[in-house]
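**Student:** Here you go, one structure.
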Amino acid sequence: MKVGVLSFAHVHAAGYAALLRDMDGVEVVTSDPEAGSAPPGEVRGEVLARRLGVEHVATYQELFDQGPDAVIVAAENARHRALVELAAKHGVDVLCEKPLATTEEDGEAMVAACRDAGVRLGVAYPVRFSPAYAALRDAVRGGATGPVLTVAGANNGRLPADSRAWFTDPGLAGGGALMDHTVHIADLLDDLFGEARAEEVYAQTNNLMYEADGVAVETAGLVTVRYTNGAVATIDCSWSHPDHHPTWGGLELQLVGERATVEMDAFCQVVSGFDERQRTGVLLPWGSDLDGAMVRAFLYGTEAGEVDGDGPAVPDAVQVADGEAGLRSLRIALAGYASARSGRPVRLGDRTG
Amino acid sequence: MPELAVGLIGAGGIARAHLPAWLTLGARVTVFTSDDSGERLAAEYAHRGVRAAHGLGELLDSAEAVDVCTPTHTHREVALTALRAGRHVACEKPLALAPGDVEEMIAEADRAGVLLFPAHVVRYFPEYAAMAEAVAGGAVGQPAVLRFTRTGTYPVWSPWFADPALSGGLLVDQMIHDFDFARLLAGEVVRVHAHVRGHQEAPAPAGCVAAATAVLTHASGAVSHVHGVWGLPDAQFRTTFRIAGRDGVLHHDSAQTKAFRVISQGAAAQGEGIPAVNLTESPFLTELREFAEAVRGGPEPRVTAQDGLAAVRIAVAAAESARTGRAVETGTADGTGADGRDDESPEAPETQEAPENQEVAR
């Protein structure tokens, strides 16, 4: 199987390339023709490909000429549409970085292009493949929690601009922390709640942390989402993890149901200690590889019954987020911006998704 | 400190937390309730010199300071009676169910020249006090995004808690602690949005749950998330916070700081409504000592009646938002700021926060 990586703009691109490189039976080819547009100091293009030990071609057309079975789009958020449409045009399945796009119009066009071309469109929400999420999903869908009352979630990270400046470019990123970090938990709840849909969004944002550093987008935000099943979730999407903290951040949530309160932490599986020689803390993550699980599921599918090993068959095993799901989490982020501007809750126009 | 004569009104959960603290402080305590629960509480502590009064008048005659530990809907009337009699008053939070009632209480305290102290005990929890002092000292820079959670069992032990008309409900009764703290750290609140879910009426059957989420927007631009739960009977009392700014982050989870832990005991433990003290001095004792010292002419307590008023304003705005589905603006254009004392103040909004910071630093 041949898999292409389109663009190294996203911080996850190198991870995808290395993951594909190490997968048995997968041949990886990459292309990062817009590497020249990146600020000096950002390692992109041919240089990054060589460092990763993966093939790199000069243009996207050359990549598609090789006839890939699937591609992963890791461009800047605003450049997703063109690359997804290119994949659709070549009849190639495409896994697109989150958020799907920066405007509803782009997102809808991407979903339509893939549908019309008969190709699969996946959106890269790897936390769906966290075992902690699987346990949460079983607890909620199996009825152990009872009806869900509230969810308090946090997806905090460092300001990502140090490694990729475009994350704080409103034109390329579509916004700041709200666009970057609301959508992961919004996507989990989209999957968790099944047919229930977000119907109202309230958001407040600020840039108190980084305005003085010249950052032009919001770097902190709280987003409250009301769902048609009566549940209410508040998501802290802030880039409020200190720059020099030894971890990148994390994703955790508490869910209060009528019959149980449960919590998940997607990145807490770490051995911690202290290295006396380096005089620094030691963190050894040992949790499962979420990106790997997501990419495998996208390339090979998920088969009911296999995910649980010895356990009972799971008739509704978690799937890679599809374009429609990507569009729904994008709409929540966009409604968040509208709410933050007006100071009022915003109803989502399309409740059926 | 010379012996203080304290009139304790109420004999419920919070009165039982306050009474040992008063005795530790060497106070002479008289208890009054309108039913016989005060006499029973006094009898339990008769060996420590606690006696029961047979009427509010008798209690006031015997006391220099009154500790109001009655259900919230009675605070206004009880406190006003004590204030009119010229007694210093410590009043359990919330000071009252409506900002107007609190203003009336404050006006009466001012007229009588006595102290009206809102017993916001979270100000005296050592982990919160340590964090507040560090934040005031610049540990995180300007607070930008704050989170608070608070979980206990649903307060089914007294029927009035479950009735929003009597307690204000989860947002007003419980989450007011964190509203007060968010305001302490990040300044006045100008906008509130909240939802509440679950069981919100009396009676509260065993095993019911209520949960609420509130987002506060501060005048500084900072945002705070407060999540409160009245939980299942096995819920362990737990609070968390995370305070983030450009220069750092401070966080706490009471589930992670238990210096004494029960690992097994043969049967599932029930939860707790009022927190067991975490091997430090009782925050109730710290709180009432500060009040007692102020009564004796010492420094003003770290939390003032104006803070209690501001907390009620935020909580009532949150309840209004939950009821109407709208975001509620709390800093009004006519100059009646969220602290309710700036009607004639010529100060610019930015300078209103200065007293806050001084207060944190104390």
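So you can find residues: chains in the structure tokens are A, B, ... in the order shown, residues in each start at 1, and ligands are numbered from 1 in order.
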Quick one: everything within 10 Å of range 31-33 of chain A, counting only C-alpha atoms, minus sequence neighbours fewer than 2 positions away in the same chain. Send it as a short mmCIF file (atom, residue, chain, number, x, y, z; two decimals) with C-alpha atoms, in the first residue's frame.

**Tutor:**
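The resulting file, around-v5.cif, is shown below:
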data_model
loop_
_atom_site.label_atom_id
_atom_site.label_comp_id
_atom_site.auth_asym_id
_atom_site.auth_seq_id
_atom_site.Cartn_x
_atom_site.Cartn_y
_atom_site.Cartn_z
CA GLY A 4 1.17 10.03 0.68
CA VAL A 5 1.70 12.83 3.18
CA LEU A 6 0.69 16.18 1.69
CA SER A 7 2.55 19.10 3.28
CA PHE A 8 4.69 19.25 6.41
CA ALA A 9 3.02 22.42 7.65
CA VAL A 29 5.88 9.31 -0.17
CA ALA A 35 8.07 24.65 2.43
CA GLY A 36 9.56 27.87 1.11
CA SER A 37 6.68 29.89 2.54
CA ARG A 44 10.25 21.46 6.28
CA GLY A 45 10.34 19.94 2.83
CA GLU A 46 13.25 17.90 1.49
CA LEU A 48 12.67 17.11 6.98
CA ALA A 49 12.00 14.20 4.62
CA GLU A 55 10.79 9.78 -0.01
CA HIS A 56 9.98 13.38 -0.95
CA VAL A 57 8.77 14.66 -4.32
CA ALA A 58 8.75 18.27 -5.46
CA THR A 59 5.07 18.63 -6.33
CA TYR A 60 1.74 17.21 -5.24
CA GLN A 61 1.12 16.19 -8.86
CA GLU A 62 4.24 14.00 -8.81
CA LEU A 63 2.93 12.40 -5.62
CA PHE A 64 -0.47 11.65 -7.15
CA ALA A 74 -1.21 17.99 6.99
CA ALA A 75 -1.27 21.48 5.49
#

**Student:** May I have a table of the residues of chain A lying at most 6 Å from chain B, giving each one's closest pair of atoms and their distance in Å to one decimal, counting only C-alpha atoms, ordered by chain and ascending residue number, as a Markdown table?

**Tutor:**
| residue | atom | partner | partner_atom | distance |
| --- | --- | --- | --- | --- |
| A:Leu149 | CA | B:Arg197 | CA | 5.5 |
| A:Leu208 | CA | B:Ala144 | CA | 5.6 |
| A:Met209 | CA | B:Arg246 | CA | 4.4 |
| A:Ser240 | CA | B:Ala244 | CA | 5.9 |
| A:Pro242 | CA | B:Gly248 | CA | 5.8 |
| A:Glu258 | CA | B:Val209 | CA | 5.8 |
| A:Arg344 | CA | B:Ala327 | CA | 5.7 |

**Student:** Write a file of the just-selected residues containing N, CA and C atoms, as a PDB file, in the first residue's frame.

**Tutor:**
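Produced file out.pdb, reproduced below:
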ATOM      1  N   LEU A 149     -25.496  14.690  32.405  1.00  0.00           N
ATOM      2  CA  LEU A 149     -25.906  16.030  32.828  1.00  0.00           C
ATOM      3  C   LEU A 149     -24.905  17.076  32.329  1.00  0.00           C
ATOM      4  N   LEU A 208      -4.962  37.466  26.867  1.00  0.00           N
ATOM      5  CA  LEU A 208      -4.197  38.123  27.932  1.00  0.00           C
ATOM      6  C   LEU A 208      -2.773  37.580  28.034  1.00  0.00           C
ATOM      7  N   MET A 209      -2.594  36.307  27.699  1.00  0.00           N
ATOM      8  CA  MET A 209      -1.273  35.708  27.906  1.00  0.00           C
ATOM      9  C   MET A 209      -0.247  36.148  26.874  1.00  0.00           C
ATOM     10  N   SER A 240      -2.800  27.329  27.494  1.00  0.00           N
ATOM     11  CA  SER A 240      -2.395  27.855  28.795  1.00  0.00           C
ATOM     12  C   SER A 240      -1.381  26.951  29.475  1.00  0.00           C
ATOM     13  N   PRO A 242       2.350  26.139  30.154  1.00  0.00           N
ATOM     14  CA  PRO A 242       3.544  27.002  30.023  1.00  0.00           C
ATOM     15  C   PRO A 242       4.497  26.522  28.923  1.00  0.00           C
ATOM     16  N   GLU A 258     -26.456  10.853  35.682  1.00  0.00           N
ATOM     17  CA  GLU A 258     -27.379  10.695  36.806  1.00  0.00           C
ATOM     18  C   GLU A 258     -26.998   9.510  37.689  1.00  0.00           C
ATOM     19  N   ARG A 344     -23.113  36.474  23.437  1.00  0.00           N
ATOM     20  CA  ARG A 344     -24.383  35.765  23.650  1.00  0.00           C
ATOM     21  C   ARG A 344     -24.275  34.323  23.159  1.00  0.00           C
TER      22      ARG A 344
END

**Student:** Using DSSP secondary structure from the backbone, list all strand (DSSP E or B) positions within range 53-270 of chain B, as a PyMOL selection string.

**Tutor:** chain B and resi 65-68+88-92+116-119+139+141+143-153+189-198+210-218+223-231+238-245+248-253

**Student:** Can you spit out the residues from that selection as a short mmCIF file (atom, residue, chain, number, x, y, z; two decimals), in the first residue's frame, using C-alpha atoms?

**Tutor:**
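To be explicit, this is the file written out as part_34.cif:
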data_model
loop_
_atom_site.label_atom_id
_atom_site.label_comp_id
_atom_site.auth_asym_id
_atom_site.auth_seq_id
_atom_site.Cartn_x
_atom_site.Cartn_y
_atom_site.Cartn_z
CA ALA B 65 -21.11 38.63 68.39
CA VAL B 66 -23.61 36.44 66.61
CA ASP B 67 -22.82 33.55 64.26
CA VAL B 68 -25.70 33.03 61.82
CA HIS B 88 -21.25 41.92 65.31
CA VAL B 89 -22.43 39.29 62.86
CA ALA B 90 -20.67 36.41 61.16
CA CYS B 91 -23.07 34.99 58.61
CA GLU B 92 -22.74 31.73 56.71
CA LEU B 116 -20.84 41.93 59.04
CA PHE B 117 -18.59 39.04 58.10
CA PRO B 118 -19.49 36.60 55.30
CA ALA B 119 -18.20 33.14 56.23
CA ALA B 139 3.22 33.53 40.29
CA GLY B 141 1.36 36.71 35.82
CA PRO B 143 -4.58 35.36 35.46
CA ALA B 144 -5.99 34.63 31.98
CA VAL B 145 -8.01 31.44 32.31
CA LEU B 146 -9.17 29.91 35.58
CA ARG B 147 -10.93 26.65 36.36
CA PHE B 148 -12.62 25.52 39.54
CA THR B 149 -14.51 22.32 40.34
CA ARG B 150 -16.35 21.36 43.51
CA THR B 151 -18.03 18.01 44.15
CA GLY B 152 -19.83 16.76 47.24
CA THR B 153 -22.79 14.56 47.98
CA VAL B 189 -17.11 39.89 36.82
CA VAL B 190 -18.97 41.56 33.96
CA ARG B 191 -20.75 38.64 32.27
CA VAL B 192 -22.04 35.26 33.44
CA HIS B 193 -23.41 32.27 31.53
CA ALA B 194 -24.53 29.07 33.23
CA HIS B 195 -26.51 25.88 32.84
CA VAL B 196 -27.76 23.62 35.60
CA ARG B 197 -28.91 20.04 35.11
CA GLY B 198 -30.35 17.24 37.23
CA ALA B 210 -27.36 18.00 40.20
CA ALA B 211 -24.53 19.47 38.14
CA ALA B 212 -23.89 22.94 36.80
CA THR B 213 -21.37 24.72 34.62
CA ALA B 214 -20.74 28.46 34.65
CA VAL B 215 -18.46 30.69 32.60
CA LEU B 216 -17.51 34.07 34.10
CA THR B 217 -16.00 36.90 32.09
CA HIS B 218 -13.98 39.31 34.21
CA VAL B 223 -12.37 33.92 31.84
CA SER B 224 -13.28 31.46 34.60
CA HIS B 225 -14.98 28.10 34.41
CA VAL B 226 -16.77 26.87 37.52
CA HIS B 227 -18.17 23.32 37.59
CA GLY B 228 -20.21 22.24 40.60
CA VAL B 229 -21.73 18.88 41.45
CA TRP B 230 -24.10 17.74 44.15
CA GLY B 231 -23.33 14.11 43.60
CA ARG B 238 -13.28 16.97 46.12
CA THR B 239 -12.23 20.36 44.84
CA THR B 240 -9.82 21.30 42.08
CA PHE B 241 -8.47 24.51 40.60
CA ARG B 242 -6.17 25.51 37.78
CA ILE B 243 -5.05 29.13 37.45
CA ALA B 244 -3.11 29.98 34.28
CA GLY B 245 -1.40 33.09 33.01
CA GLY B 248 2.86 30.12 34.87
CA VAL B 249 0.15 27.85 36.10
CA LEU B 250 -0.96 26.71 39.56
CA HIS B 251 -3.17 23.71 40.02
CA HIS B 252 -4.60 21.59 42.79
CA ASP B 253 -6.74 18.49 43.12
#

**Student:** Restricting the calculation to only C-alpha atoms: of A:Glu195, A:Phe167, A:Gly153, A:Leu159, which residue gets closest to Leu222 in chain A?

**Tutor:**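 When distances to Leu222 in chain A are compared using only C-alpha atoms, the smallest one comes from A:Gly153.
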
**Student:** So that I can see what lies close to Phe274 in chain A, please list as a VMD selection string the residues with an atom at most 12 Å from it, counting only C-alpha atoms and leaving out residues fewer than 5 positions away in the same chain.

**Tutor:** chain A and resid 246 279 to 284

**Student:** Grab the residues selected above and save them as a PDB file, in the first residue's frame with C-alpha atoms.

**Tutor:**
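Here's the written file part.pdb:
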ATOM      1  CA  PRO A 246       8.086  19.309  30.171  1.00  0.00           C
ATOM      2  CA  ARG A 279      18.907  17.971  36.805  1.00  0.00           C
ATOM      3  CA  THR A 280      15.588  17.655  35.065  1.00  0.00           C
ATOM      4  CA  GLY A 281      12.342  15.812  35.466  1.00  0.00           C
ATOM      5  CA  VAL A 282      11.825  12.549  33.623  1.00  0.00           C
ATOM      6  CA  LEU A 283       8.560  11.664  31.918  1.00  0.00           C
ATOM      7  CA  LEU A 284       8.210   8.300  30.180  1.00  0.00           C
TER       8      LEU A 284
END

**Student:** I need the alpha helix (DSSP H) residues of range 31-251 of chain A per DSSP on the backbone, written as a PyMOL selection string.

**Tutor:** chain A and resi 45-52+60-65+80-89+104-117+131-141+170-173+177-181+183-192

**Student:** How would the residues just chosen look if you wrote them out with C-alpha atoms as a compact mmCIF listing (two decimals), in the first residue's frame?

**Tutor:**
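Saved as again07.txt:
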# COMPACT_ATOMS: atom_id res chain seq x y z
CA GLY A 45 10.34 19.94 2.83
CA GLU A 46 13.25 17.90 1.49
CA VAL A 47 15.31 18.52 4.65
CA LEU A 48 12.67 17.11 6.98
CA ALA A 49 12.00 14.20 4.62
CA ARG A 50 15.69 13.32 4.58
CA ARG A 51 15.85 13.57 8.35
CA LEU A 52 12.86 11.22 8.60
CA TYR A 60 1.74 17.21 -5.24
CA GLN A 61 1.12 16.19 -8.86
CA GLU A 62 4.24 14.00 -8.81
CA LEU A 63 2.93 12.40 -5.62
CA PHE A 64 -0.47 11.65 -7.15
CA ASP A 65 1.27 10.38 -10.33
CA HIS A 80 -6.91 21.75 3.59
CA ARG A 81 -9.65 22.31 1.03
CA ALA A 82 -7.43 22.53 -2.04
CA LEU A 83 -5.52 19.36 -1.12
CA VAL A 84 -8.63 17.37 -0.19
CA GLU A 85 -10.23 18.40 -3.49
CA LEU A 86 -7.03 17.35 -5.28
CA ALA A 87 -7.20 13.92 -3.63
CA ALA A 88 -10.88 13.63 -4.57
CA LYS A 89 -10.03 14.54 -8.15
CA GLU A 104 -18.22 26.16 6.78
CA GLU A 105 -18.21 26.78 3.02
CA ASP A 106 -14.83 25.09 2.62
CA GLY A 107 -15.83 22.19 4.84
CA GLU A 108 -19.06 21.59 2.95
CA ALA A 109 -17.24 21.76 -0.39
CA MET A 110 -14.70 19.18 0.81
CA VAL A 111 -17.39 16.79 2.01
CA ALA A 112 -19.26 17.21 -1.29
CA ALA A 113 -16.13 16.72 -3.41
CA CYS A 114 -15.24 13.46 -1.67
CA ARG A 115 -18.82 12.22 -1.78
CA ASP A 116 -19.11 12.99 -5.50
CA ALA A 117 -15.75 11.34 -6.22
CA PRO A 131 -8.46 3.36 25.48
CA ALA A 132 -9.61 5.83 28.12
CA TYR A 133 -12.18 7.17 25.64
CA ALA A 134 -13.22 3.61 24.79
CA ALA A 135 -13.91 2.97 28.47
CA LEU A 136 -15.84 6.25 28.77
CA ARG A 137 -17.81 5.37 25.66
CA ASP A 138 -18.71 1.95 27.05
CA ALA A 139 -19.78 3.53 30.34
CA VAL A 140 -22.03 6.09 28.66
CA ARG A 141 -23.39 4.01 25.78
CA PRO A 170 -5.69 33.95 11.67
CA GLY A 171 -5.75 33.64 7.88
CA LEU A 172 -4.04 30.25 7.76
CA ALA A 173 -5.28 28.78 11.04
CA ALA A 177 -6.80 28.29 20.59
CA LEU A 178 -10.56 28.07 20.09
CA MET A 179 -10.14 26.70 16.55
CA ASP A 180 -7.21 24.48 17.51
CA HIS A 181 -8.40 22.95 20.78
CA VAL A 183 -12.65 20.47 18.27
CA HIS A 184 -10.97 17.42 19.86
CA ILE A 185 -13.38 17.25 22.79
CA ALA A 186 -16.26 18.43 20.59
CA ASP A 187 -15.50 15.48 18.32
CA LEU A 188 -15.37 13.00 21.21
CA LEU A 189 -18.78 14.19 22.39
CA ASP A 190 -20.11 14.06 18.82
CA ASP A 191 -19.18 10.38 18.72
CA LEU A 192 -20.17 9.70 22.34

**Student:** Please identify all polymer residues within 8 Å of range 43-58 of chain B, counting only C-alpha atoms, omitting same-chain residues fewer than 2 positions from it, and present them as an mmCIF file with C-alpha atoms, in the first residue's frame.

**Tutor:**
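Done, and the output landed in result-v2.cif:
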data_model
loop_
_atom_site.group_PDB
_atom_site.id
_atom_site.type_symbol
_atom_site.label_atom_id
_atom_site.label_comp_id
_atom_site.auth_asym_id
_atom_site.auth_seq_id
_atom_site.Cartn_x
_atom_site.Cartn_y
_atom_site.Cartn_z
ATOM 1 C CA LEU B 23 -14.638 26.537 71.874
ATOM 2 C CA ARG B 28 -18.450 31.464 75.696
ATOM 3 C CA VAL B 29 -21.167 30.098 73.403
ATOM 4 C CA THR B 30 -24.917 30.337 73.668
ATOM 5 C CA VAL B 31 -27.004 28.477 71.095
ATOM 6 C CA PHE B 32 -30.463 29.308 69.842
ATOM 7 C CA SER B 34 -36.461 28.102 66.800
ATOM 8 C CA GLY B 38 -30.332 24.135 69.621
ATOM 9 C CA GLU B 39 -31.043 22.779 73.081
ATOM 10 C CA ARG B 40 -29.874 19.342 72.024
ATOM 11 C CA LEU B 41 -26.665 20.748 70.541
ATOM 12 C CA LEU B 60 -28.681 38.648 71.862
ATOM 13 C CA ASP B 61 -28.569 39.731 75.500
ATOM 14 C CA SER B 62 -25.847 37.177 76.149
#

**Student:** Quick one: pull the distance between CA of Val26 in chain A and CA of His90 in chain A, Å, one decimal.

**Tutor:**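 A separation of 19.5 Å between them.
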
**Student:** Can you list, as a list in words, every protein, DNA or RNA residue that comes within 12 Å of Gly297 in chain B when you count only C-alpha atoms, leaving out same-chain residues fewer than 4 positions away?

**Tutor:**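 Listed by chain and then number, they are Met1, Pro2, His88, Val114, Leu115, Glu290, Phe291, Ala292, Glu293 and Pro301 of chain B.
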
**Student:** What is the distance, in Å and to one decimal place, between CA of Tyr227 in chain A and CA of Gln200 in chain B?

**Tutor:** 19.5 Å
